[in-house]
file run-v6.txt (compact mmCIF, C-alpha atoms and all ligand atoms)
# COMPACT_ATOMS: atom_id res chain seq x y z
CA MET X 283 104.85 66.22 66.97
CA ARG X 284 101.93 67.05 64.76
CA CYS X 285 98.39 66.91 66.10
CA LEU X 286 94.93 67.51 64.74
CA LEU X 287 92.44 69.27 66.94
CA ILE X 288 88.79 68.51 66.14
CA GLU X 289 86.66 70.98 68.09
CA ASP X 290 83.68 73.14 67.16
CA ASP X 291 83.93 75.51 70.13
CA GLU X 292 85.84 78.56 68.83
CA MET X 293 87.18 79.63 72.20
CA ILE X 294 88.42 76.21 73.24
CA GLY X 295 89.82 75.61 69.75
CA GLU X 296 91.69 78.92 69.56
CA SER X 297 93.21 78.61 73.00
CA LEU X 298 94.17 74.94 72.58
CA ARG X 299 95.78 75.47 69.22
CA ALA X 300 97.74 78.47 70.52
CA ALA X 301 98.82 76.53 73.62
CA LEU X 302 99.94 73.52 71.58
CA ARG X 303 101.91 75.72 69.20
CA ARG X 304 103.61 77.44 72.13
CA GLN X 305 104.74 73.98 73.27
CA GLY X 306 106.34 73.38 69.88
CA PHE X 307 103.61 71.08 68.52
CA ALA X 308 102.49 71.49 64.93
CA ALA X 309 98.76 71.86 65.60
CA ASP X 310 96.01 71.91 62.96
CA TRP X 311 92.36 72.50 63.70
CA VAL X 312 89.06 71.51 62.04
CA ARG X 313 85.62 72.41 63.36
CA ASP X 314 83.25 69.65 62.22
CA GLY X 315 83.09 65.91 61.75
CA ARG X 316 82.98 65.86 57.95
CA ALA X 317 86.04 68.12 57.65
CA ALA X 318 87.77 65.87 60.20
CA ASP X 319 87.02 62.79 58.07
CA ALA X 320 88.47 64.43 54.98
CA VAL X 321 91.66 65.57 56.70
CA LEU X 322 92.22 62.28 58.53
CA ALA X 323 91.85 60.36 55.27
CA THR X 324 94.59 62.35 53.56
CA GLU X 325 97.09 63.53 56.19
CA ARG X 326 99.09 61.85 58.90
CA PHE X 327 99.14 63.05 62.52
CA ASP X 328 101.00 61.86 65.61
CA ALA X 329 97.88 62.37 67.72
CA VAL X 330 94.27 63.56 67.43
CA LEU X 331 92.32 65.57 70.00
CA LEU X 332 88.66 64.79 69.41
CA ASP X 333 85.64 66.59 70.80
CA LEU X 334 82.54 64.35 70.76
CA GLY X 335 79.74 66.86 70.11
CA LEU X 336 80.49 68.05 66.57
CA PRO X 337 78.38 69.43 63.70
CA HIS X 338 77.65 67.19 60.64
CA LYS X 339 79.15 64.04 62.13
CA GLY X 340 79.72 63.22 65.79
CA GLY X 341 83.12 62.47 67.29
CA VAL X 342 82.39 58.80 67.95
CA GLU X 343 81.40 58.35 64.28
CA VAL X 344 84.58 60.12 63.15
CA LEU X 345 86.56 57.74 65.34
CA LYS X 346 84.74 54.67 63.99
CA THR X 347 85.44 55.77 60.40
CA LEU X 348 89.13 56.26 61.23
CA ARG X 349 89.50 52.86 62.89
CA ALA X 350 87.47 51.11 60.17
CA ARG X 351 90.21 52.18 57.73
CA GLY X 352 92.76 50.47 59.97
CA ASP X 353 94.23 53.82 61.00
CA ALA X 354 95.90 53.50 64.42
CA THR X 355 96.63 57.20 65.00
CA PRO X 356 96.37 57.86 68.77
CA VAL X 357 93.09 59.58 69.67
CA LEU X 358 92.50 61.50 72.87
CA VAL X 359 88.81 62.30 73.38
CA LEU X 360 87.66 65.53 75.01
CA THR X 361 84.36 64.98 76.78
CA ALA X 362 81.93 66.77 79.07
CA ARG X 363 81.80 66.14 82.79
CA ASP X 364 79.97 63.03 83.95
CA ALA X 365 79.21 61.81 80.45
CA THR X 366 80.03 58.20 81.29
CA ALA X 367 78.11 56.79 78.32
CA ASP X 368 80.13 59.05 75.98
CA LYS X 369 83.42 57.93 77.49
CA VAL X 370 82.47 54.28 77.16
CA ALA X 371 81.28 54.72 73.57
CA ALA X 372 84.48 56.56 72.64
CA LEU X 373 86.79 54.02 74.28
CA ASP X 374 84.90 51.15 72.68
CA ALA X 375 85.12 52.89 69.29
CA GLY X 376 88.91 52.95 69.58
CA ALA X 377 89.86 56.04 71.59
CA ASP X 378 93.17 55.69 73.44
CA ASP X 379 92.29 57.96 76.32
CA TYR X 380 89.88 60.72 77.31
CA LEU X 381 89.98 63.98 79.18
CA VAL X 382 87.01 65.59 80.92
CA LYS X 383 86.33 69.29 80.20
CA PRO X 384 87.35 71.62 81.70
CA PHE X 385 90.90 70.29 81.95
CA GLU X 386 94.31 71.67 82.81
CA LEU X 387 96.65 72.18 79.87
CA ASP X 388 99.46 70.37 81.69
CA GLU X 389 97.33 67.25 82.00
CA LEU X 390 96.35 67.40 78.33
CA LEU X 391 100.03 67.68 77.31
CA ALA X 392 101.04 64.79 79.57
CA ARG X 393 98.28 62.56 78.18
CA LEU X 394 99.22 63.54 74.62
CA ARG X 395 102.84 62.55 75.28
CA ALA X 396 101.65 59.26 76.81
CA VAL X 397 99.36 58.23 73.93
CA ALA X 398 101.99 59.22 71.35
CA ARG X 399 104.62 57.19 73.23
CA ARG X 400 102.44 54.10 73.44
CA ALA X 401 101.56 54.44 69.75
CA VAL X 402 105.21 53.84 68.84
CA GLY X 403 105.52 51.05 71.43
CA ARG X 404 107.72 53.00 73.78
CA ALA X 405 107.14 52.78 77.55
CA GLN X 406 110.22 54.82 78.41
CA PRO X 407 109.42 58.56 78.42
CA LEU X 408 113.07 59.65 77.98
CA LEU X 409 114.56 59.48 74.50
CA ARG X 410 118.19 58.33 74.38
CA VAL X 411 120.41 57.86 71.36
CA ALA X 412 124.06 57.16 72.26
CA ASP X 413 125.03 60.00 74.63
CA LEU X 414 122.11 62.23 73.61
CA ARG X 415 119.15 62.47 75.99
CA LEU X 416 115.89 64.27 75.38
CA ASP X 417 113.05 64.54 77.85
CA PRO X 418 109.74 65.43 76.11
CA ALA X 419 108.10 66.31 79.45
CA THR X 420 110.69 68.69 80.92
CA ARG X 421 112.04 69.67 77.49
CA GLU X 422 115.60 69.11 78.69
CA VAL X 423 118.27 67.97 76.26
CA SER X 424 121.80 66.92 77.05
CA ARG X 425 124.79 65.34 75.40
CA GLY X 426 126.75 63.37 78.00
CA GLU X 427 126.84 65.58 81.08
CA GLN X 428 126.38 68.73 79.05
CA PRO X 429 122.90 70.31 79.11
CA LEU X 430 121.94 71.95 75.82
CA LEU X 431 119.70 74.93 75.28
CA LEU X 432 117.55 74.50 72.16
CA SER X 433 114.90 76.68 70.56
CA ALA X 434 111.37 75.24 70.29
CA ARG X 435 111.88 74.27 66.63
CA GLU X 436 115.32 72.79 67.23
CA PHE X 437 113.87 70.74 70.08
CA ALA X 438 110.93 69.57 67.94
CA LEU X 439 113.23 68.57 65.07
CA LEU X 440 115.61 66.66 67.33
CA GLN X 441 112.67 64.91 69.03
CA VAL X 442 111.27 63.70 65.70
CA LEU X 443 114.70 62.32 64.71
CA MET X 444 115.36 60.72 68.11
CA GLU X 445 111.96 59.01 68.19
CA ARG X 446 113.11 56.82 65.30
CA PRO X 447 116.89 56.37 65.58
CA GLY X 448 118.43 55.17 62.34
CA ALA X 449 115.33 56.02 60.27
CA ILE X 450 116.10 58.42 57.45
CA LEU X 451 113.53 61.21 57.32
CA SER X 452 113.24 63.41 54.27
CA ARG X 453 113.05 67.18 54.45
CA ALA X 454 109.38 66.97 53.41
CA GLN X 455 108.59 64.44 56.17
CA LEU X 456 110.30 66.64 58.74
CA GLU X 457 108.47 69.76 57.54
CA ASP X 458 105.24 67.81 57.78
CA ARG X 459 105.89 66.86 61.43
CA LEU X 460 107.02 70.34 62.45
CA TYR X 461 104.65 72.73 60.79
CA GLY X 462 100.88 73.17 60.88
CA TRP X 463 98.77 74.61 58.09
CA GLY X 464 99.38 78.24 57.35
CA GLU X 465 102.60 78.43 59.33
CA GLU X 466 105.34 80.38 57.57
CA LEU X 467 107.99 78.06 56.25
CA GLU X 468 111.23 79.06 54.51
CA SER X 469 112.19 76.53 51.85
CA ASN X 470 115.52 75.77 53.54
CA ALA X 471 114.18 75.86 57.12
CA ILE X 472 115.02 72.23 57.93
CA SER X 473 118.62 72.59 56.69
CA VAL X 474 118.99 75.71 58.81
CA TYR X 475 117.71 73.94 61.95
CA VAL X 476 119.95 70.93 61.30
CA HIS X 477 122.90 73.30 60.95
CA GLN X 478 122.02 75.03 64.25
CA LEU X 479 121.54 71.69 66.02
CA ARG X 480 124.94 70.46 64.82
CA LYS X 481 126.56 73.57 66.25
CA LYS X 482 125.01 72.74 69.63
CA LEU X 483 125.21 68.92 69.66
CA GLY X 484 128.44 68.48 67.75
CA ASP X 485 128.43 67.63 64.06
CA ASP X 486 128.66 63.84 64.54
CA ARG X 487 125.12 63.19 65.81
CA ILE X 488 122.81 64.15 62.95
CA HIS X 489 123.79 62.43 59.73
CA THR X 490 122.88 63.54 56.22
CA VAL X 491 122.08 61.08 53.46
CA ARG X 492 122.57 63.21 50.39
CA GLY X 493 119.39 63.63 48.37
CA VAL X 494 117.38 61.53 50.86
CA GLY X 495 117.28 63.10 54.30
CA TYR X 496 118.59 63.02 57.85
CA TYR X 497 118.84 60.57 60.74
CA VAL X 498 120.38 60.23 64.20
CA GLY X 499 122.10 57.13 65.51
CA GLU X 500 125.00 55.00 64.40
CA ALA X 501 126.49 56.28 61.14
CA LYS X 502 125.55 53.99 58.27
CA SER X 503 128.57 52.80 56.31
CA GLY X 504 128.85 53.28 52.54
CA CA O 601 81.46 70.40 70.80
call {"tool": "encode", "arguments": {"input": "run-v6.txt", "output": "C-alpha cells"}}
result
Amino acid sequence: MRCLLIEDDEMIGESLRAALRRQGFAADWVRDGRAADAVLATERFDAVLLDLGLPHKGGVEVLKTLRARGDATPVLVLTARDATADKVAALDAGADDYLVKPFELDELLARLRAVARRAVGRAQPLLRVADLRLDPATREVSRGEQPLLLSAREFALLQVLMERPGAILSRAQLEDRLYGWGEELESNAISVYVHQLRKKLGDDRIHTVRGVGYYVGEAKSG
C-alpha cells in the first residue's frame, strides 16, 4: 500500500514516515500544500494522510482541489485537539476520516486500513483468494491450514495482488505500490519477490502473463 504523507512538522513527518515504512507501506512525504497539489495531480496513492495547517496552501484547500478533479483517493485528516470546525470543514470537503493529534500509531494504521478497504468497496478486512488468506491487521498469511512466514516486502506484494484477484498488474505498477521515493530498487526486485513467494505459497497461486505482469486467482485459459 502506497501512501502520501502531507505534513509540515519535521518531527511528526520523520517519525510517521519511518513507522509506515516499518509496517511495509510505501510512504512518501511532502511538507507544504503546493507540493502536495503537484504530487497528487501526477501520482497515484492508496491513501493520503493530510495535516490541515500547511504552508502555501492549507489542507482543506488541498483536499478541495483533489476532489474537484474527481479524485477519490482516501484521505485521512490529521487535526489538532478540539478543532471541531476544522474536522467539519475537512469532512465536508471530502475527507474520509480524521485523527486527532497526538494519536497512537496503532490507531492510525487501523484507520488507514479501514479507509483503504472502503475505497475499494470491501467491508471484509480479511483477504481470501481460493485457499489463500491474508490478514492486513495481524499480518498473518496462510494457505489452507498452513501458516506462512513472509518478509515485509513479500507480504506487501501478495497483499497488492490479493486485493484485486484476477487483475493483471505489471511490474511497474507493482513497483509503484511497493516503493516510496528514494527507496533502493533492484531492476528485477519484483521477479525475485514473486519467485520467493512461489516457494512459500506453492507455484500455482501467482500466475505470470508473459510480457504483461502477474495476478492471483483462477488461472486464465489461453
Ligand atoms: Ca501543520
call {"tool": "residues_near_ligand", "arguments": {"input": "run-v6.txt", "ligand": "ligand CA 601 (chain O)", "cutoff": "7 Å", "atoms": "all atoms listed in the file", "output": "number ranges by chain"}}
result
X: 289-291, 333-336
call {"tool": "residues_around", "arguments": {"input": "run-v6.txt", "residues": "region 391-395 of chain X", "least_positions_apart": "6", "cutoff": "10 Å", "atoms": "only C-alpha atoms", "output": "list in words"}}
result
Met283, Cys285, Ala301, Leu302, Gln305, Asp328, Ala329, Val330, Leu331, Pro356, Val357, Leu358, Asp378, Asp379, Tyr380, Leu381, Ala401, Pro407, Pro418 and Ala419 of chain X
call {"tool": "closest_residue", "arguments": {"input": "run-v6.txt", "among": "X:Arg284, X:Val342, X:His489, X:Met444", "to": "Glu457 (chain X)", "atoms": "all atoms listed in the file"}}
result
X:Arg284
call {"tool": "atom_distance", "arguments": {"input": "run-v6.txt", "atom1": "CA of Glu292 (chain X)", "atom2": "CA of Gly341 (chain X)"}}
result
16.4 Å
call {"tool": "residues_around", "arguments": {"input": "run-v6.txt", "residues": "region 297-300 of chain X", "least_positions_apart": "5", "cutoff": "8 Å", "atoms": "all atoms listed in the file", "output": "short mmCIF file (atom, residue, chain, number, x, y, z; two decimals) with C-alpha atoms, in the coordinates of the input"}}
result
data_model
loop_
_atom_site.label_atom_id
_atom_site.label_comp_id
_atom_site.auth_asym_id
_atom_site.auth_seq_id
_atom_site.Cartn_x
_atom_site.Cartn_y
_atom_site.Cartn_z
CA LEU X 287 92.44 69.27 66.94
CA ALA X 309 98.76 71.86 65.60
CA ASP X 310 96.01 71.91 62.96
CA TRP X 311 92.36 72.50 63.70
#
call {"tool": "atom_distance", "arguments": {"input": "run-v6.txt", "atom1": "CA of Glu436 (chain X)", "atom2": "CA of Leu479 (chain X)"}}
result
6.4 Å
call {"tool": "closest_residue", "arguments": {"input": "run-v6.txt", "among": "X:Leu432, X:Glu296, X:Leu414, X:Asp314", "to": "Lys481 (chain X)", "atoms": "all atoms listed in the file"}}
result
X:Leu432
call {"tool": "residues_around", "arguments": {"input": "run-v6.txt", "residues": "region 486-488 of chain X", "least_positions_apart": "6", "cutoff": "8 Å", "atoms": "only C-alpha atoms", "output": "VMD selection string"}}
result
chain X and resid 476 480 496 to 499
call {"tool": "residues_around", "arguments": {"input": "run-v6.txt", "residues": "Arg425 (chain X)", "least_positions_apart": "3", "cutoff": "9 Å", "atoms": "all atoms listed in the file", "output": "PyMOL selection string"}}
result
chain X and resi 412-416+428-430+483
call {"tool": "residues_around", "arguments": {"input": "run-v6.txt", "residues": "Ala323 (chain X)", "least_positions_apart": "4", "cutoff": "12 Å", "atoms": "all atoms listed in the file", "output": "ChimeraX atom specification"}}
result
/X:316-319,327,344-345,347-353,355
call {"tool": "write_last_selection", "arguments": {"input": "run-v6.txt", "atoms": "C-alpha atoms", "output": "CSV table (one decimal), in the frame of the given file"}}
result
chain,number,residue,atom,x,y,z
X,316,ARG,CA,83.0,65.9,58.0
X,317,ALA,CA,86.0,68.1,57.6
X,318,ALA,CA,87.8,65.9,60.2
X,319,ASP,CA,87.0,62.8,58.1
X,327,PHE,CA,99.1,63.0,62.5
X,344,VAL,CA,84.6,60.1,63.2
X,345,LEU,CA,86.6,57.7,65.3
X,347,THR,CA,85.4,55.8,60.4
X,348,LEU,CA,89.1,56.3,61.2
X,349,ARG,CA,89.5,52.9,62.9
X,350,ALA,CA,87.5,51.1,60.2
X,351,ARG,CA,90.2,52.2,57.7
X,352,GLY,CA,92.8,50.5,60.0
X,353,ASP,CA,94.2,53.8,61.0
X,355,THR,CA,96.6,57.2,65.0
call {"tool": "atom_distance", "arguments": {"input": "run-v6.txt", "atom1": "CA of Leu286 (chain X)", "atom2": "CA of Arg459 (chain X)"}}
result
11.5 Å
call {"tool": "closest_residue", "arguments": {"input": "run-v6.txt", "among": "X:Ala501, X:Leu322, X:Ile294, X:Leu332", "to": "Ala449 (chain X)", "atoms": "all atoms listed in the file"}}
result
X:Ala501
call {"tool": "closest_residue", "arguments": {"input": "run-v6.txt", "among": "X:Gly495, X:Gly462, X:Gly484, X:Pro447", "to": "Ala308 (chain X)", "atoms": "only C-alpha atoms"}}
result
X:Gly462
call {"tool": "closest_residue", "arguments": {"input": "run-v6.txt", "among": "X:Ala438, X:Ala365, X:Ala354, X:Leu443", "to": "Val402 (chain X)", "atoms": "all atoms listed in the file"}}
result
X:Ala354
call {"tool": "decode", "arguments": {"input": "run-v6.txt", "residues": "region 431-445 of chain X", "atoms": "all heavy atoms", "output": "short mmCIF file (atom, residue, chain, number, x, y, z; two decimals), in the first residue's frame"}}
result
data_model
loop_
_atom_site.label_atom_id
_atom_site.label_comp_id
_atom_site.auth_asym_id
_atom_site.auth_seq_id
_atom_site.Cartn_x
_atom_site.Cartn_y
_atom_site.Cartn_z
N LEU X 431 5.23 -17.73 6.71
CA LEU X 431 6.03 -16.63 7.23
C LEU X 431 6.61 -15.85 6.06
O LEU X 431 7.43 -16.38 5.31
CB LEU X 431 7.16 -17.22 8.09
CG LEU X 431 7.68 -16.33 9.20
CD1 LEU X 431 6.56 -15.96 10.17
CD2 LEU X 431 8.81 -17.03 9.93
N LEU X 432 6.16 -14.60 5.90
CA LEU X 432 6.62 -13.79 4.77
C LEU X 432 7.42 -12.59 5.27
O LEU X 432 7.16 -12.07 6.34
CB LEU X 432 5.42 -13.28 3.95
CG LEU X 432 4.42 -14.29 3.42
CD1 LEU X 432 3.38 -13.58 2.55
CD2 LEU X 432 5.09 -15.41 2.64
N SER X 433 8.36 -12.14 4.44
CA SER X 433 9.06 -10.89 4.75
C SER X 433 8.09 -9.73 4.50
O SER X 433 7.04 -9.90 3.89
CB SER X 433 10.29 -10.74 3.84
OG SER X 433 9.86 -10.44 2.52
N ALA X 434 8.48 -8.52 4.96
CA ALA X 434 7.59 -7.36 4.80
C ALA X 434 7.27 -7.09 3.32
O ALA X 434 6.14 -6.79 2.96
CB ALA X 434 8.23 -6.13 5.43
N ARG X 435 8.28 -7.21 2.45
CA ARG X 435 8.05 -6.95 1.02
C ARG X 435 7.21 -8.06 0.38
O ARG X 435 6.37 -7.78 -0.46
CB ARG X 435 9.37 -6.87 0.26
CG ARG X 435 10.18 -5.66 0.59
CD ARG X 435 9.63 -4.40 -0.08
NE ARG X 435 10.66 -3.37 0.03
CZ ARG X 435 10.42 -2.08 0.13
NH1 ARG X 435 9.20 -1.62 0.14
NH2 ARG X 435 11.41 -1.23 0.23
N GLU X 436 7.48 -9.29 0.76
CA GLU X 436 6.68 -10.40 0.22
C GLU X 436 5.23 -10.21 0.60
O GLU X 436 4.32 -10.38 -0.21
CB GLU X 436 7.20 -11.75 0.74
CG GLU X 436 8.56 -12.15 0.19
CD GLU X 436 9.24 -13.26 1.00
OE1 GLU X 436 8.63 -13.78 1.97
OE2 GLU X 436 10.38 -13.58 0.68
N PHE X 437 5.01 -9.84 1.87
CA PHE X 437 3.65 -9.62 2.36
C PHE X 437 2.98 -8.49 1.57
O PHE X 437 1.85 -8.61 1.10
CB PHE X 437 3.69 -9.26 3.85
CG PHE X 437 2.34 -9.04 4.46
CD1 PHE X 437 1.66 -10.09 5.07
CD2 PHE X 437 1.75 -7.78 4.41
CE1 PHE X 437 0.39 -9.88 5.61
CE2 PHE X 437 0.49 -7.57 4.95
CZ PHE X 437 -0.18 -8.63 5.55
N ALA X 438 3.72 -7.38 1.40
CA ALA X 438 3.16 -6.22 0.69
C ALA X 438 2.80 -6.58 -0.75
O ALA X 438 1.74 -6.19 -1.25
CB ALA X 438 4.16 -5.06 0.73
N LEU X 439 3.66 -7.34 -1.40
CA LEU X 439 3.41 -7.73 -2.79
C LEU X 439 2.18 -8.64 -2.88
O LEU X 439 1.29 -8.42 -3.72
CB LEU X 439 4.65 -8.45 -3.36
CG LEU X 439 4.51 -9.06 -4.75
CD1 LEU X 439 4.12 -8.00 -5.78
CD2 LEU X 439 5.82 -9.73 -5.17
N LEU X 440 2.11 -9.62 -1.99
CA LEU X 440 0.96 -10.54 -2.01
C LEU X 440 -0.34 -9.78 -1.72
O LEU X 440 -1.37 -10.02 -2.33
CB LEU X 440 1.18 -11.68 -1.00
CG LEU X 440 0.11 -12.76 -1.02
CD1 LEU X 440 0.07 -13.47 -2.37
CD2 LEU X 440 0.34 -13.78 0.10
N GLN X 441 -0.26 -8.83 -0.78
CA GLN X 441 -1.47 -8.05 -0.45
C GLN X 441 -1.97 -7.27 -1.67
O GLN X 441 -3.16 -7.27 -1.96
CB GLN X 441 -1.17 -7.09 0.71
CG GLN X 441 -2.41 -6.27 1.09
CD GLN X 441 -2.22 -5.42 2.33
OE1 GLN X 441 -1.18 -5.47 2.98
NE2 GLN X 441 -3.22 -4.64 2.67
N VAL X 442 -1.07 -6.62 -2.38
CA VAL X 442 -1.46 -5.86 -3.57
C VAL X 442 -2.15 -6.78 -4.58
O VAL X 442 -3.19 -6.44 -5.14
CB VAL X 442 -0.23 -5.17 -4.21
CG1 VAL X 442 -0.60 -4.57 -5.56
CG2 VAL X 442 0.31 -4.09 -3.29
N LEU X 443 -1.58 -7.97 -4.79
CA LEU X 443 -2.16 -8.91 -5.76
C LEU X 443 -3.51 -9.45 -5.28
O LEU X 443 -4.46 -9.57 -6.04
CB LEU X 443 -1.20 -10.07 -6.02
CG LEU X 443 0.07 -9.71 -6.81
CD1 LEU X 443 1.08 -10.86 -6.75
CD2 LEU X 443 -0.26 -9.37 -8.26
N MET X 444 -3.61 -9.73 -3.97
CA MET X 444 -4.85 -10.32 -3.44
C MET X 444 -5.98 -9.30 -3.33
O MET X 444 -7.15 -9.67 -3.25
CB MET X 444 -4.59 -10.99 -2.09
CG MET X 444 -3.85 -12.32 -2.23
SD MET X 444 -3.55 -13.14 -0.64
CE MET X 444 -5.21 -13.62 -0.14
N GLU X 445 -5.63 -8.02 -3.29
CA GLU X 445 -6.69 -7.00 -3.21
C GLU X 445 -7.49 -6.95 -4.51
O GLU X 445 -8.62 -6.49 -4.53
CB GLU X 445 -6.09 -5.62 -2.90
CG GLU X 445 -5.85 -5.45 -1.42
CD GLU X 445 -5.02 -4.24 -1.07
OE1 GLU X 445 -4.41 -3.63 -1.97
OE2 GLU X 445 -4.95 -3.92 0.13
#
